[in-house]
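Note: the block below is data00.txt and it holds compact mmCIF, C-alpha atoms.
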```txt
# COMPACT_ATOMS: atom_id res chain seq x y z
CA MET A 1 0.00 0.00 0.00
CA ARG A 2 1.30 3.47 -0.84
CA ASP A 3 1.96 5.58 2.18
CA ASP A 4 1.85 9.02 0.62
CA LEU A 5 -1.18 11.26 0.68
CA PRO A 6 -1.94 14.13 -1.67
CA ALA A 7 -0.60 17.40 -0.24
CA PRO A 8 -4.01 18.78 0.83
CA LEU A 9 -4.64 15.67 2.95
CA GLN A 10 -1.26 15.62 4.70
CA ALA A 11 -2.72 17.66 7.58
CA LEU A 12 -4.87 14.64 8.50
CA ARG A 13 -1.67 12.86 9.58
CA ASP A 14 -1.58 15.26 12.56
CA TYR A 15 -4.66 13.42 13.87
CA ALA A 16 -3.47 9.86 13.25
CA ASN A 17 -3.67 8.91 16.94
CA LYS A 18 -6.04 11.52 18.30
CA PRO A 19 -9.54 12.77 17.50
CA VAL A 20 -9.96 15.29 14.71
CA PRO A 21 -11.55 18.53 15.93
CA ALA A 22 -15.31 18.88 16.19
CA VAL A 23 -17.04 20.93 13.49
CA ASP A 24 -20.24 22.91 13.15
CA PRO A 25 -23.13 20.56 12.29
CA ALA A 26 -24.38 23.09 9.71
CA ASP A 27 -21.02 22.98 7.88
CA LEU A 28 -21.05 19.19 8.03
CA ARG A 29 -24.57 19.07 6.58
CA ALA A 30 -23.65 21.49 3.78
CA VAL A 31 -20.59 19.48 2.70
CA TYR A 32 -22.30 16.09 3.11
CA GLU A 33 -25.44 17.06 1.20
CA TYR A 34 -23.54 18.84 -1.55
CA GLY A 35 -21.41 15.75 -2.14
CA HIS A 36 -24.40 13.42 -2.17
CA HIS A 37 -26.55 15.63 -4.38
CA THR A 38 -23.70 16.18 -6.83
CA ALA A 39 -22.93 12.46 -7.02
CA ALA A 40 -26.62 11.57 -7.41
CA LYS A 41 -27.06 14.13 -10.17
CA ALA A 42 -24.02 12.77 -12.02
CA GLY A 43 -24.94 9.16 -11.33
CA ARG A 44 -21.50 8.48 -9.86
CA HIS A 45 -18.96 9.75 -7.34
CA LEU A 46 -17.07 12.83 -8.43
CA SER A 47 -13.96 14.69 -7.37
CA ILE A 48 -14.87 18.07 -5.98
CA GLY A 49 -12.27 20.79 -5.60
CA HIS A 50 -11.35 21.88 -2.09
CA SER A 51 -12.35 25.47 -2.87
CA VAL A 52 -15.97 24.30 -3.18
CA TYR A 53 -15.87 22.96 0.39
CA GLU A 54 -14.38 26.23 1.60
CA GLN A 55 -17.34 28.08 0.06
CA LEU A 56 -19.85 25.70 1.64
CA CYS A 57 -18.49 26.20 5.15
CA ALA A 58 -18.82 29.23 7.42
CA PRO A 59 -15.89 31.64 7.44
CA GLY A 60 -13.07 30.35 9.63
CA ALA A 61 -14.16 26.71 9.45
CA ASP A 62 -11.48 24.10 8.73
CA SER A 63 -13.01 22.82 5.51
CA LEU A 64 -10.53 19.90 5.32
CA ILE A 65 -11.72 18.60 8.70
CA VAL A 66 -15.36 19.17 7.72
CA TRP A 67 -14.78 17.25 4.46
CA TYR A 68 -12.99 14.43 6.31
CA ARG A 69 -15.79 14.11 8.88
CA SER A 70 -18.32 14.17 6.03
CA SER A 71 -16.44 11.40 4.21
CA MET A 72 -16.21 9.22 7.33
CA MET A 73 -19.87 9.94 8.08
CA SER A 74 -20.86 8.87 4.59
CA LEU A 75 -18.97 5.58 4.92
CA ALA A 76 -20.33 4.92 8.42
CA VAL A 77 -23.92 5.65 7.37
CA GLN A 78 -23.56 3.31 4.37
CA THR A 79 -22.28 0.61 6.70
CA LEU A 80 -25.07 1.11 9.23
CA ARG A 81 -27.82 1.23 6.60
CA ALA A 82 -27.29 -2.46 5.87
CA PRO A 83 -27.94 -4.15 9.21
CA ILE A 84 -27.18 -7.81 9.74
CA THR A 85 -30.29 -9.90 9.28
CA ASP A 86 -31.60 -12.40 11.82
CA ALA A 87 -30.78 -15.19 9.33
CA GLU A 88 -27.16 -14.03 9.20
CA LEU A 89 -27.02 -13.87 12.99
CA GLN A 90 -28.43 -17.39 13.27
CA SER A 91 -25.77 -18.71 10.91
CA MET A 92 -22.97 -17.35 13.11
CA PRO A 93 -21.20 -19.59 15.63
CA PRO A 94 -22.92 -19.41 19.05
CA ASP A 95 -19.85 -17.92 20.76
CA ALA A 96 -19.29 -15.20 18.13
CA PRO A 97 -19.80 -11.61 19.30
CA VAL A 98 -22.88 -9.87 17.92
CA PRO A 99 -21.77 -7.60 15.07
CA PHE A 100 -22.10 -3.87 15.56
CA ARG A 101 -24.41 -3.66 12.57
CA LYS A 102 -27.28 -5.21 14.50
CA ILE A 103 -29.02 -1.90 15.12
CA PRO A 104 -32.63 -1.04 15.96
CA GLN A 105 -34.88 -0.67 12.95
CA THR A 106 -35.81 2.89 13.97
CA LEU A 107 -32.18 3.97 13.66
CA CYS A 108 -31.80 2.13 10.36
CA ASP A 109 -34.96 3.91 9.12
CA ASP A 110 -33.58 7.31 10.18
CA LEU A 111 -30.31 6.62 8.36
CA ASN A 112 -32.27 5.91 5.18
CA LEU A 113 -34.09 9.25 5.28
CA SER A 114 -33.18 11.98 2.84
CA PRO A 115 -32.23 14.41 4.16
CA LEU A 116 -30.79 12.80 7.27
CA PRO A 117 -32.21 14.00 10.59
CA ASP A 118 -30.42 16.87 12.34
CA TYR A 119 -29.30 14.67 15.22
CA VAL A 120 -27.16 12.55 12.85
CA PHE A 121 -25.15 15.62 11.84
CA GLU A 122 -24.93 16.79 15.45
CA VAL A 123 -23.46 13.44 16.50
CA PHE A 124 -21.01 13.13 13.59
CA ALA A 125 -19.90 16.76 14.00
CA GLN A 126 -18.39 15.95 17.39
CA PHE A 127 -18.05 12.16 17.61
CA PRO A 128 -14.43 11.03 18.12
CA ILE A 129 -12.79 9.90 14.88
CA THR A 130 -9.09 9.86 14.15
CA GLY A 131 -7.13 11.02 11.12
CA ILE A 132 -5.22 8.96 8.60
CA PRO A 133 -2.27 7.09 10.16
CA LYS A 134 1.00 6.50 8.36
CA GLY A 135 0.54 3.28 6.41
CA GLY A 136 -3.14 3.99 5.72
CA MET A 137 -6.35 3.04 7.46
CA GLN A 138 -7.49 -0.43 8.35
CA GLY A 139 -11.26 0.02 8.40
CA LEU A 140 -13.02 3.16 9.51
CA PRO A 141 -11.60 5.21 12.38
CA VAL A 142 -14.88 4.96 14.27
CA ASP A 143 -15.90 3.03 17.38
CA PHE A 144 -19.15 1.66 15.93
CA PRO A 145 -20.72 0.39 19.18
CA ALA A 146 -20.12 3.80 20.80
CA LEU A 147 -21.38 5.57 17.68
CA ILE A 148 -24.58 3.52 17.64
CA SER A 149 -25.14 4.26 21.34
CA GLU A 150 -24.62 7.98 20.74
CA LEU A 151 -26.95 8.01 17.72
CA LEU A 152 -29.63 6.19 19.71
CA ARG A 153 -29.25 8.61 22.63
CA ALA A 154 -29.43 11.62 20.30
CA SER A 155 -32.41 10.12 18.47
CA ALA A 156 -34.32 9.65 21.72
CA ASN A 157 -33.55 13.23 22.76
CA SER A 158 -34.55 14.69 19.40
CA ASN A 159 -37.91 12.91 19.27
CA PRO A 160 -39.48 13.31 22.72
CA LEU A 161 -42.70 11.43 23.23
CA PRO A 162 -45.84 13.58 23.47
```

Can you present the structure in this file as structure tokens?
Amino acid sequence: MRDDLPAPLQALRDYANKPVPAVDPADLRAVYEYGHHTAAKAGRHLSIGHSVYEQLCAPGADSLIVWYRSSMMSLAVQTLRAPITDAELQSMPPDAPVPFRKIPQTLCDDLNLSPLPDYVFEVFAQFPITGIPKGGMQGLPVDFPALISELLRASANSNPLP
């Protein structure tokens, strides 16, 4: 695996072993939705220049960190949208740990909404994720069980019962 990153992404090495800074949820939403709408319109994933992200974010925002959080959020949401089925769970060895993707249907439903609920952006804007370590990433830099717990907590707080 190549160990070099393009120059604009080198700053993410500074966060290889520590959380990247939190961002404004509104900036995260703007970058995330722009990327998804642009890709959907084109029918594929596209490269988007960094200057576009700078324009989408509030003045003073670190658009590289917002983009990185948006990218990790996109990958995490894709992963969580496809929960493990009961049939898959039943086919696992009895002593195997339950995979993190066994999430409540209500959360899965929320992650399939377009646009995503506000609480999803609020969680991902501050949830601990690390940067890109030397040698590259092995999986996503996200603690999925903790992320699921935080999303469930935020969901419950955003939808109080009448």

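Atom pair CA of Ser155 (chain A) / CA of Thr38 (chain A): separated by 27.4 Å.
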
Item to check | Å distance separating CA of Leu80 (chain A) from CA of Ile148 (chain A), one decimal place | outcome: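 Separating CA of Leu80 (chain A) from CA of Ile148 (chain A) is a distance of 8.8 Å.
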
Next on the checklist: One number please: CA of Tyr53 (chain A) to CA of Glu150 (chain A), in Å, one decimal.
Outcome noted: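 About the pair CA of Tyr53 (chain A) and CA of Glu150 (chain A): they are 26.7 Å apart.
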
Contact check, region 13-34 of chain A to region 130-139 of chain A, at most 6 Å, counting only C-alpha atoms, closest pairs as a Markdown table:
```
| residue | atom | partner | partner_atom | distance |
| --- | --- | --- | --- | --- |
| A:Arg13 | CA | A:Ile132 | CA | 5.4 |
| A:Tyr15 | CA | A:Gly131 | CA | 4.4 |
| A:Ala16 | CA | A:Pro133 | CA | 4.3 |
| A:Lys18 | CA | A:Thr130 | CA | 5.4 |
| A:Pro19 | CA | A:Thr130 | CA | 4.5 |
| A:Val20 | CA | A:Thr130 | CA | 5.5 |
```

Item to check | Residue contacts of Ala154 (chain A) (10 Å, only C-alpha atoms) excluding same-chain residues fewer than 5 positions away, as a ChimeraX atom specification | outcome: /A:118-120,122-123,148-149,159

Item to check | Counting all atoms listed in the file, the residue of A:Leu28, A:Val66, A:Ala76, A:Val52 that sits nearest Leu140 (chain A) | outcome: A:Ala76

Item to check | Residue neighbourhood region 102-117 of chain A, 8 Å, only C-alpha atoms, exclusion window fewer than 6 positions, as a list of chain:residue names | outcome: A:Glu33, A:Val77, A:Leu80, A:Arg81, A:Ala82, A:Pro83, A:Ile84, A:Thr85, A:Ile148, A:Leu151, A:Leu152, A:Ser155

Assuming 6 Å of padding per side, give the centre and edge lengths of the axis-aligned box around every listed atom of region 59-72 of chain A, in Å to one decimal and as JSON.
```
{"center_x": -14.4, "center_y": 20.4, "center_z": 6.9, "size_x": 19.8, "size_y": 34.4, "size_z": 17.4}
```

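Non-sequential neighbours of Val142 (chain A) (distance at most 9 Å, separation of 4 or more positions within a chain, all atoms listed in the file) are Met72, Ala76, Phe127, Pro128, Ile129, Thr130, Ala146 and Leu147 of chain A.
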
Starting from the incomplete input, reconstruct N, CA and C atoms of region 122-151 of chain A and write that as a JSON list (two decimals), in the frame of the given file.
```
[["chain", "number", "residue", "atom", "x", "y", "z"],
["A", 122, "GLU", "N", -25.42, 16.33, 14.15],
["A", 122, "GLU", "CA", -24.93, 16.79, 15.45],
["A", 122, "GLU", "C", -23.99, 15.76, 16.07],
["A", 123, "VAL", "N", -24.32, 14.49, 15.95],
["A", 123, "VAL", "CA", -23.46, 13.44, 16.50],
["A", 123, "VAL", "C", -22.15, 13.37, 15.71],
["A", 124, "PHE", "N", -22.23, 13.28, 14.40],
["A", 124, "PHE", "CA", -21.01, 13.13, 13.59],
["A", 124, "PHE", "C", -20.13, 14.37, 13.64],
["A", 125, "ALA", "N", -20.69, 15.53, 13.92],
["A", 125, "ALA", "CA", -19.90, 16.76, 14.00],
["A", 125, "ALA", "C", -18.92, 16.73, 15.17],
["A", 126, "GLN", "N", -19.25, 15.96, 16.21],
["A", 126, "GLN", "CA", -18.39, 15.95, 17.39],
["A", 126, "GLN", "C", -17.90, 14.57, 17.80],
["A", 127, "PHE", "N", -18.41, 13.51, 17.20],
["A", 127, "PHE", "CA", -18.05, 12.16, 17.61],
["A", 127, "PHE", "C", -16.56, 11.91, 17.37],
["A", 128, "PRO", "N", -15.86, 11.26, 18.31],
["A", 128, "PRO", "CA", -14.43, 11.03, 18.12],
["A", 128, "PRO", "C", -14.11, 10.12, 16.93],
["A", 129, "ILE", "N", -13.37, 10.68, 15.98],
["A", 129, "ILE", "CA", -12.79, 9.90, 14.88],
["A", 129, "ILE", "C", -11.35, 10.38, 14.75],
["A", 130, "THR", "N", -10.49, 9.49, 14.30],
["A", 130, "THR", "CA", -9.09, 9.86, 14.15],
["A", 130, "THR", "C", -8.77, 10.13, 12.69],
["A", 131, "GLY", "N", -7.59, 10.71, 12.48],
["A", 131, "GLY", "CA", -7.13, 11.02, 11.12],
["A", 131, "GLY", "C", -6.57, 9.79, 10.43],
["A", 132, "ILE", "N", -5.77, 10.04, 9.42],
["A", 132, "ILE", "CA", -5.22, 8.96, 8.60],
["A", 132, "ILE", "C", -3.81, 8.64, 9.09],
["A", 133, "PRO", "N", -3.60, 7.44, 9.66],
["A", 133, "PRO", "CA", -2.27, 7.09, 10.16],
["A", 133, "PRO", "C", -1.30, 6.77, 9.02],
["A", 134, "LYS", "N", -0.03, 6.89, 9.32],
["A", 134, "LYS", "CA", 1.00, 6.50, 8.36],
["A", 134, "LYS", "C", 0.79, 5.02, 8.05],
["A", 135, "GLY", "N", 0.80, 4.67, 6.80],
["A", 135, "GLY", "CA", 0.54, 3.28, 6.41],
["A", 135, "GLY", "C", -0.90, 3.08, 5.96],
["A", 136, "GLY", "N", -1.75, 4.08, 6.16],
["A", 136, "GLY", "CA", -3.14, 3.99, 5.72],
["A", 136, "GLY", "C", -4.06, 3.47, 6.81],
["A", 137, "MET", "N", -5.33, 3.47, 6.50],
["A", 137, "MET", "CA", -6.35, 3.04, 7.46],
["A", 137, "MET", "C", -6.67, 1.57, 7.27],
["A", 138, "GLN", "N", -6.98, 0.93, 8.36],
["A", 138, "GLN", "CA", -7.49, -0.43, 8.35],
["A", 138, "GLN", "C", -8.93, -0.34, 8.87],
["A", 139, "GLY", "N", -9.88, -0.20, 7.99],
["A", 139, "GLY", "CA", -11.26, 0.02, 8.40],
["A", 139, "GLY", "C", -11.50, 1.48, 8.72],
["A", 140, "LEU", "N", -12.68, 1.77, 9.19],
["A", 140, "LEU", "CA", -13.02, 3.16, 9.51],
["A", 140, "LEU", "C", -12.52, 3.52, 10.90],
["A", 141, "PRO", "N", -12.11, 4.77, 11.08],
["A", 141, "PRO", "CA", -11.60, 5.21, 12.38],
["A", 141, "PRO", "C", -12.73, 5.59, 13.34],
["A", 142, "VAL", "N", -13.69, 4.70, 13.47],
["A", 142, "VAL", "CA", -14.88, 4.96, 14.27],
["A", 142, "VAL", "C", -15.15, 3.77, 15.18],
["A", 143, "ASP", "N", -15.47, 4.05, 16.43],
["A", 143, "ASP", "CA", -15.90, 3.03, 17.38],
["A", 143, "ASP", "C", -17.40, 2.82, 17.15],
["A", 144, "PHE", "N", -17.76, 1.83, 16.32],
["A", 144, "PHE", "CA", -19.15, 1.66, 15.93],
["A", 144, "PHE", "C", -20.10, 1.41, 17.10],
["A", 145, "PRO", "N", -19.78, 0.55, 18.06],
["A", 145, "PRO", "CA", -20.72, 0.39, 19.18],
["A", 145, "PRO", "C", -20.98, 1.71, 19.91],
["A", 146, "ALA", "N", -19.93, 2.50, 20.13],
["A", 146, "ALA", "CA", -20.12, 3.80, 20.80],
["A", 146, "ALA", "C", -20.91, 4.76, 19.91],
["A", 147, "LEU", "N", -20.65, 4.72, 18.61],
["A", 147, "LEU", "CA", -21.38, 5.57, 17.68],
["A", 147, "LEU", "C", -22.86, 5.22, 17.68],
["A", 148, "ILE", "N", -23.17, 3.95, 17.63],
["A", 148, "ILE", "CA", -24.58, 3.52, 17.64],
["A", 148, "ILE", "C", -25.26, 3.98, 18.93],
["A", 149, "SER", "N", -24.58, 3.81, 20.06],
["A", 149, "SER", "CA", -25.14, 4.26, 21.34],
["A", 149, "SER", "C", -25.41, 5.76, 21.32],
["A", 150, "GLU", "N", -24.46, 6.52, 20.79],
["A", 150, "GLU", "CA", -24.62, 7.98, 20.74],
["A", 150, "GLU", "C", -25.75, 8.38, 19.79],
["A", 151, "LEU", "N", -25.85, 7.72, 18.66],
["A", 151, "LEU", "CA", -26.95, 8.01, 17.72],
["A", 151, "LEU", "C", -28.30, 7.68, 18.35]]
```
